[in-house]
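Student: Here's a structure for you.
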Amino acid sequence: MGQQEINIKNKRALHNYELVDKYIAGIQLFGTEIKSLRGGHASLVDSYCFFNKGELWVKGMRISEYFYGTFNNHAPERERKLLLQKKELVKLERKVKESGYTIVPLRLFINDRGLAKVEIYMARGKREYDKRETLKEKDTNRDLDRARKRF
């Protein structure tokens with residue numbers, strides 16, 4: 001039986017934030033959550049990370065209920081704990097508290113060993129004119145690529 005590639009992205013984060021530092025974190029899930037995730041039923045739109053008592057949590061991540069789960073099913077929008085090393089947690093918490101950074105999950109995937117992982121970024125919010133500039137740059141690159149394909 002072939003293994004399906006699970007790769008759920010947060011495309012809105014690329015538009016709204018300037019990404020600075022990348023971290024790969026484990027995520028604490030229930031049994032029905034991992035089964036639903038392997039089916040590809042998850043969304044990262046409007047999700048963010050926050051600290052609570054020195055632990056990193058993700059809020060707004062939606063993992064739909066498992067279809068075959070009975071009364072043991074999970075709550076789809078519950079807060080989930082992210083697993084990082086202590087020194088990484090201290091570094092992230094210090095950076096978030098002292099400056100205008102936030103932590104944003106960008107990608108949810110299952111690694112080679114079958115464990116669910118979240119790619120999180122230390123990010124700074126873009127201003128409106130930065131967003132317009134990014135869109136303009138994408139459009140010009142797309143037009144250039146089209147012109148190259150014609151010739």
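For the structure tokens, the naming scheme is as follows: chains receive sequential letters (A, B, ...) according to their order of presentation, residues are indexed from 1 within each chain, and ligands are indexed from 1 in presentation order.
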In segment 52-128 of chain A, what's strand (DSSP E) per DSSP? Answer as a PyMOL selection string?
Tutor: chain A and resi 52+55-59+62-63+80-83+101-110+116-125
Student: Skip segment 93-109 of chain A itself and residues of its chain fewer than 2 positions away, then list as a VMD selection string all residues within 9 Å of it, counting only C-alpha atoms.
Tutor: chain A and resid 5 to 14 17 19 37 42 to 44 47 to 51 54 56 58 61 88 to 91 111 115 to 125
Student: From the set A:Ile63, A:Leu144, A:Leu135, A:Leu84, which residue has the shortest atom-to-atom contact distance to Gly39 of chain A, counting only C-alpha atoms?
Tutor: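 When distances to Gly39 of chain A are compared using only C-alpha atoms, the smallest one comes from A:Ile63.
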Student: Give me every alpha helix (DSSP H) residue in segment 88-132 of chain A, going by DSSP on the backbone, as a PDB file with C-alpha atoms, in the first residue's frame.
Tutor:
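The resulting file, part-v4.pdb, is reproduced below:
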ATOM      1  CA  GLU A  88      14.400  26.906  21.056  1.00  0.00           C
ATOM      2  CA  LEU A  89      11.349  27.698  23.171  1.00  0.00           C
ATOM      3  CA  VAL A  90      13.310  30.192  25.290  1.00  0.00           C
ATOM      4  CA  LYS A  91      14.732  31.883  22.182  1.00  0.00           C
ATOM      5  CA  LEU A  92      11.293  32.142  20.534  1.00  0.00           C
ATOM      6  CA  GLU A  93       9.588  33.432  23.676  1.00  0.00           C
ATOM      7  CA  ARG A  94      12.230  36.103  24.218  1.00  0.00           C
ATOM      8  CA  LYS A  95      11.995  37.276  20.594  1.00  0.00           C
ATOM      9  CA  VAL A  96       8.171  37.441  20.662  1.00  0.00           C
ATOM     10  CA  LYS A  97       8.072  39.411  23.927  1.00  0.00           C
ATOM     11  CA  GLU A  98      10.697  42.014  23.082  1.00  0.00           C
ATOM     12  CA  GLU A 128      -0.405  47.310   3.097  1.00  0.00           C
ATOM     13  CA  TYR A 129       2.082  48.829   0.649  1.00  0.00           C
ATOM     14  CA  ASP A 130       4.411  45.827   1.126  1.00  0.00           C
ATOM     15  CA  LYS A 131       1.559  43.497   0.170  1.00  0.00           C
ATOM     16  CA  ARG A 132       0.837  45.536  -2.973  1.00  0.00           C
TER      17      ARG A 132
END
Student: Of the residues A:Phe30, A:Lys86, A:Asn52, A:Val45, which is the one nearest to Asn72 of chain A, using only C-alpha atoms?
Tutor: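 Nearest to Asn72 of chain A: A:Phe30.
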Student: What does the distance from atom CA of Gln85 of chain A to atom CA of Glu33 of chain A come to in Å, to one decimal?
Tutor: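 Taking atom CA of Gln85 of chain A and atom CA of Glu33 of chain A, their separation equals 23.2 Å.
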Student: What is the atom CA of Arg80 of chain A to atom CA of Leu29 of chain A distance in Å?
Tutor: 7.2 Å
Student: What does the distance between atom CA of Phe67 of chain A and atom CA of Thr32 of chain A come to in Å, to one decimal place?
Tutor: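 Computing it gives 9.0 Å between the two atoms.
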Student: Just checking: using only C-alpha atoms, which residue out of A:Leu82, A:Asp21, A:Glu77, A:Arg38 ends up closest to Trp57 of chain A?
Tutor: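 Among the listed residues, the smallest separation from Trp57 of chain A belongs to A:Leu82.
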Student: Could you tell me which of A:Lys59, A:Asn16, A:Asp143, A:Arg113 comes closest to Lys81 of chain A if we count only C-alpha atoms?
Tutor: A:Lys59
